[in-house]
>>> print(open('work34.cif').read())   # mmCIF, C-alpha atoms
data_coords
#
loop_
_atom_site.label_atom_id
_atom_site.label_comp_id
_atom_site.auth_asym_id
_atom_site.auth_seq_id
_atom_site.Cartn_x
_atom_site.Cartn_y
_atom_site.Cartn_z
CA MET A 96 100.71 108.28 110.45
CA LYS A 97 99.68 107.17 106.96
CA VAL A 98 103.14 105.73 106.32
CA LEU A 99 102.80 103.72 109.53
CA LYS A 100 99.47 102.29 108.36
CA VAL A 101 100.98 101.19 105.05
CA LEU A 102 103.99 99.66 106.81
CA LEU A 103 101.69 97.88 109.27
CA LEU A 104 99.63 96.49 106.40
CA VAL A 105 102.73 95.26 104.57
CA SER A 106 104.09 93.74 107.79
CA MET A 107 100.84 91.87 108.39
CA VAL A 108 100.84 90.49 104.85
CA PHE A 109 104.47 89.39 105.15
CA GLY A 110 103.74 87.85 108.53
CA VAL A 111 101.17 85.58 106.93
CA VAL A 112 103.54 84.75 104.07
CA GLY A 113 106.35 83.91 106.50
CA CYS A 114 104.28 81.29 108.31
CA GLN A 115 104.06 78.96 105.34
CA PRO A 116 105.98 75.67 105.29
CA ARG A 117 109.05 75.24 103.14
CA ASP A 118 108.64 73.56 99.79
CA ALA A 119 111.45 71.03 99.85
CA SER A 120 110.48 69.62 96.47
CA THR A 121 112.20 72.46 94.63
CA ALA A 122 115.40 72.60 96.68
CA LYS A 123 118.68 71.40 95.28
CA THR A 124 121.07 69.50 97.50
CA ASN A 125 123.29 72.55 97.97
CA GLY A 126 120.37 74.58 99.41
CA SER A 127 119.94 76.95 96.47
CA LEU A 128 117.24 76.75 93.84
CA ASP A 129 117.29 76.72 90.10
CA ALA A 130 115.89 80.13 89.15
CA SER A 131 114.95 78.87 85.69
CA THR A 132 112.05 77.06 87.34
CA PHE A 133 110.45 80.44 88.06
CA LEU A 134 112.00 82.90 85.60
CA ALA A 135 110.14 83.34 82.33
CA THR A 136 112.32 83.80 79.25
CA SER A 137 109.72 85.97 77.56
CA GLU A 138 107.19 88.39 78.98
CA PRO A 139 103.80 86.79 79.64
CA THR A 140 101.01 88.42 77.65
CA GLY A 141 97.94 90.09 79.07
CA ALA A 142 99.56 91.63 82.15
CA ILE A 143 97.49 94.21 83.98
CA PRO A 144 98.82 96.87 86.36
CA VAL A 145 98.62 96.23 90.10
CA GLY A 146 95.94 98.87 90.73
CA GLU A 147 93.65 97.38 88.10
CA ALA A 148 94.27 93.88 89.45
CA ARG A 149 93.28 95.03 92.95
CA GLU A 150 90.01 96.35 91.56
CA LYS A 151 89.08 93.47 89.25
CA THR A 152 90.75 90.26 90.39
CA GLU A 153 88.79 87.76 92.43
CA ASP A 154 90.10 85.32 95.00
CA GLY A 155 91.47 82.17 93.34
CA GLN A 156 91.62 83.71 89.85
CA GLU A 157 94.66 83.22 87.61
CA VAL A 158 96.25 86.61 87.04
CA THR A 159 99.21 88.18 85.26
CA LEU A 160 100.24 91.56 86.57
CA VAL A 161 103.00 94.09 86.20
CA GLY A 162 104.59 96.26 88.86
CA ARG A 163 107.78 97.67 90.32
CA ILE A 164 109.40 96.04 93.32
CA GLY A 165 108.86 98.41 96.23
CA GLY A 166 106.23 99.81 98.52
CA SER A 167 108.32 99.87 101.70
CA SER A 168 111.93 100.46 102.69
CA LYS A 169 112.43 96.65 102.71
CA PRO A 170 110.19 95.11 100.02
CA PHE A 171 112.03 91.74 100.09
CA ILE A 172 111.66 89.13 102.81
CA ASP A 173 114.95 87.54 103.87
CA GLY A 174 114.91 83.79 103.38
CA LEU A 175 111.61 83.77 101.52
CA ALA A 176 110.86 84.38 97.85
CA ALA A 177 108.33 87.13 98.55
CA PHE A 178 108.20 90.85 97.87
CA THR A 179 105.78 93.68 97.22
CA ILE A 180 105.16 95.40 93.91
CA VAL A 181 103.58 98.76 93.14
CA ASP A 182 101.63 99.80 90.05
CA PRO A 183 103.98 101.38 87.49
CA LYS A 184 101.71 104.44 87.26
CA VAL A 185 102.67 105.46 90.81
CA PRO A 186 105.79 107.63 90.66
CA PHE A 187 108.53 106.66 93.07
CA CYS A 188 110.38 109.30 95.03
CA ALA A 189 113.52 110.74 93.52
CA PRO A 190 116.77 110.79 95.49
CA ASP A 191 117.07 114.54 94.80
CA GLU A 192 113.82 114.99 96.76
CA GLY A 193 115.71 113.88 99.85
CA CYS A 194 114.56 110.28 99.67
CA PRO A 195 117.40 107.79 100.26
CA THR A 196 115.09 104.82 99.52
CA PRO A 197 112.92 105.85 96.54
CA TRP A 198 111.36 102.36 96.39
CA ASP A 199 109.47 103.05 99.64
CA TYR A 200 107.27 105.61 97.79
CA CYS A 201 107.38 107.84 100.89
CA CYS A 202 106.09 110.77 98.83
CA GLN A 203 103.15 108.70 97.50
CA THR A 204 101.79 106.86 100.56
CA GLU A 205 98.14 107.44 99.66
CA ALA A 206 98.58 106.21 96.08
CA VAL A 207 100.45 103.10 97.23
CA LYS A 208 97.55 101.88 99.41
CA SER A 209 95.38 100.96 96.43
CA ASN A 210 98.25 100.08 94.10
CA ILE A 211 100.31 97.49 95.98
CA ALA A 212 100.34 93.69 95.93
CA THR A 213 102.40 91.00 97.60
CA VAL A 214 104.06 88.39 95.42
CA LYS A 215 105.18 85.07 96.83
CA ILE A 216 106.93 82.61 94.56
CA ILE A 217 105.65 79.12 95.09
CA GLY A 218 107.14 75.75 94.31
CA GLU A 219 105.53 72.70 92.76
CA ALA A 220 103.87 71.67 96.04
CA GLY A 221 102.24 75.11 96.36
CA ALA A 222 104.36 76.28 99.29
CA PRO A 223 106.46 79.48 99.23
CA VAL A 224 110.06 79.03 98.16
CA SER A 225 112.42 79.51 101.09
CA GLN A 226 115.13 81.54 99.40
CA SER A 227 115.34 85.30 99.05
CA ALA A 228 113.66 86.52 95.86
CA ARG A 229 116.44 89.09 95.51
CA ASP A 230 118.99 86.29 95.16
CA LEU A 231 116.78 83.76 93.39
CA LEU A 232 115.68 86.16 90.64
CA ASN A 233 118.74 88.45 90.72
CA VAL A 234 116.54 91.55 91.10
CA LYS A 235 116.59 94.69 93.17
CA GLU A 236 114.24 97.43 94.27
CA LEU A 237 112.37 99.30 91.50
CA ALA A 238 112.89 96.49 88.98
CA THR A 239 109.79 96.04 86.84
CA VAL A 240 108.44 92.50 86.94
CA VAL A 241 105.57 90.66 85.32
CA VAL A 242 104.24 87.89 87.56
CA LYS A 243 101.84 85.11 86.73
CA GLY A 244 99.97 83.11 89.33
CA LYS A 245 96.88 82.75 91.47
CA ALA A 246 95.26 85.69 93.26
CA LYS A 247 94.47 85.54 96.95
CA ARG A 248 92.31 88.23 98.55
CA ASP A 249 92.04 88.87 102.27
CA ASP A 250 89.14 90.43 104.18
CA GLN A 251 90.60 93.94 103.72
CA GLY A 252 90.88 93.54 99.95
CA ASN A 253 94.67 93.14 99.92
CA LEU A 254 96.01 91.18 96.98
CA THR A 255 98.64 88.45 97.16
CA VAL A 256 99.75 86.55 94.09
CA SER A 257 101.13 83.04 94.51
CA ALA A 258 103.41 83.24 91.48
CA ASN A 259 104.84 80.35 89.55
CA GLN A 260 106.37 82.54 86.84
CA VAL A 261 108.24 85.85 86.98
CA PHE A 262 109.61 87.89 84.09
CA VAL A 263 112.08 90.65 84.90
CA ARG A 264 111.97 93.43 82.34
CA PRO A 265 115.52 94.14 81.19
CA GLY A 266 116.95 97.56 81.89
CA GLU A 267 114.19 98.60 84.24
#
>>> encode(input="work34.cif", output="structure tokens")
Amino acid sequence: MKVLKVLLLVSMVFGVVGCQPRDASTAKTNGSLDASTFLATSEPTGAIPVGEAREKTEDGQEVTLVGRIGGSSKPFIDGLAAFTIVDPKVPFCAPDEGCPTPWDYCCQTEAVKSNIATVKIIGEAGAPVSQSARDLLNVKELATVVVKGKAKRDDQGNLTVSANQVFVRPGE
């Protein structure tokens, strides 16, 4: 039941993200985007873990946070540069524990609730980029990322970061 609540929460957040208009200002003529627009070449300083950001960040505040891509069996949204990240302090499930998708944190559902955030990469016009973040950033589940952008809080306290910069930690 708790897993269902987390999945419902993530689905609601992604539903809101998916309703945003496309930002055509960042599209190239071939339909793909230049990832260098969003990828940072060095790690932004002052990053705080997702759990701390959920506790301390206010709506509209600039924030830099660190987390692992995950939180559900499908943390990426097809056709949209959006995904969820989980605080690095939350241990993901090991495949030898019988978990085929360790990035869903199925053995840590309670810890994920207060340690998850949604990241949506935005273009110059402030609209979400309409290309998969997996392809745009060349990342996969459990990659550690540092994102920089503006915090958005909803009535339930969920945190979404409209990111204009993402750093992917190498080898993680």
>>> closest_residue(input="work34.cif", among="A:Ile180, A:Val207, A:Cys201, A:Cys188", to="Glu236 (chain A)", atoms="all atoms listed in the file")
A:Ile180
>>> residues_around(input="work34.cif", residues="Ser257 (chain A)", least_positions_apart="5", cutoff="12 Å", atoms="all atoms listed in the file", output="PyMOL selection string")
chain A and resi 112+115+133+154-160+176-179+212-224+242-248
>>> resolve_selection(input="work34.cif", expression="the PyMOL selection byres ((chain A and resi 241) around 8)", output="short mmCIF file (atom, residue, chain, number, x, y, z; two decimals) with C-alpha atoms, keeping the file's coordinate frame")
data_model
loop_
_atom_site.label_atom_id
_atom_site.label_comp_id
_atom_site.auth_asym_id
_atom_site.auth_seq_id
_atom_site.Cartn_x
_atom_site.Cartn_y
_atom_site.Cartn_z
CA GLU A 138 107.19 88.39 78.98
CA PRO A 139 103.80 86.79 79.64
CA ALA A 142 99.56 91.63 82.15
CA THR A 159 99.21 88.18 85.26
CA LEU A 160 100.24 91.56 86.57
CA VAL A 161 103.00 94.09 86.20
CA GLY A 162 104.59 96.26 88.86
CA THR A 239 109.79 96.04 86.84
CA VAL A 240 108.44 92.50 86.94
CA VAL A 242 104.24 87.89 87.56
CA LYS A 243 101.84 85.11 86.73
CA VAL A 261 108.24 85.85 86.98
CA PHE A 262 109.61 87.89 84.09
CA VAL A 263 112.08 90.65 84.90
CA ARG A 264 111.97 93.43 82.34
#
>>> atom_distance(input="work34.cif", atom1="CA of Asn253 (chain A)", atom2="CA of Cys194 (chain A)")
26.3 Å
>>> atom_distance(input="work34.cif", atom1="CA of Val181 (chain A)", atom2="CA of Thr136 (chain A)")
22.2 Å
>>> residues_around(input="work34.cif", residues="Phe187 (chain A)", least_positions_apart="4", cutoff="9 Å", atoms="all atoms listed in the file", output="list in words")
Gly165, Pro183, Pro197, Trp198, Asp199, Tyr200, Cys201, Cys202, Gln203 and Leu237 of chain A
>>> resolve_selection(input="work34.cif", expression="the PyMOL selection byres ((chain A and resi 149) around 10)", output="PDB file with C-alpha atoms, in the frame of the given file")
ATOM      1  CA  ILE A 143      97.490  94.210  83.980  1.00  0.00           C
ATOM      2  CA  PRO A 144      98.820  96.870  86.360  1.00  0.00           C
ATOM      3  CA  VAL A 145      98.620  96.230  90.100  1.00  0.00           C
ATOM      4  CA  GLY A 146      95.940  98.870  90.730  1.00  0.00           C
ATOM      5  CA  GLU A 147      93.650  97.380  88.100  1.00  0.00           C
ATOM      6  CA  ALA A 148      94.270  93.880  89.450  1.00  0.00           C
ATOM      7  CA  GLU A 150      90.010  96.350  91.560  1.00  0.00           C
ATOM      8  CA  LYS A 151      89.080  93.470  89.250  1.00  0.00           C
ATOM      9  CA  THR A 152      90.750  90.260  90.390  1.00  0.00           C
ATOM     10  CA  GLU A 153      88.790  87.760  92.430  1.00  0.00           C
ATOM     11  CA  SER A 209      95.380 100.960  96.430  1.00  0.00           C
ATOM     12  CA  ASN A 210      98.250 100.080  94.100  1.00  0.00           C
ATOM     13  CA  ILE A 211     100.310  97.490  95.980  1.00  0.00           C
ATOM     14  CA  ALA A 212     100.340  93.690  95.930  1.00  0.00           C
ATOM     15  CA  ALA A 246      95.260  85.690  93.260  1.00  0.00           C
ATOM     16  CA  ARG A 248      92.310  88.230  98.550  1.00  0.00           C
ATOM     17  CA  GLY A 252      90.880  93.540  99.950  1.00  0.00           C
ATOM     18  CA  ASN A 253      94.670  93.140  99.920  1.00  0.00           C
ATOM     19  CA  LEU A 254      96.010  91.180  96.980  1.00  0.00           C
ATOM     20  CA  THR A 255      98.640  88.450  97.160  1.00  0.00           C
TER      21      THR A 255
END
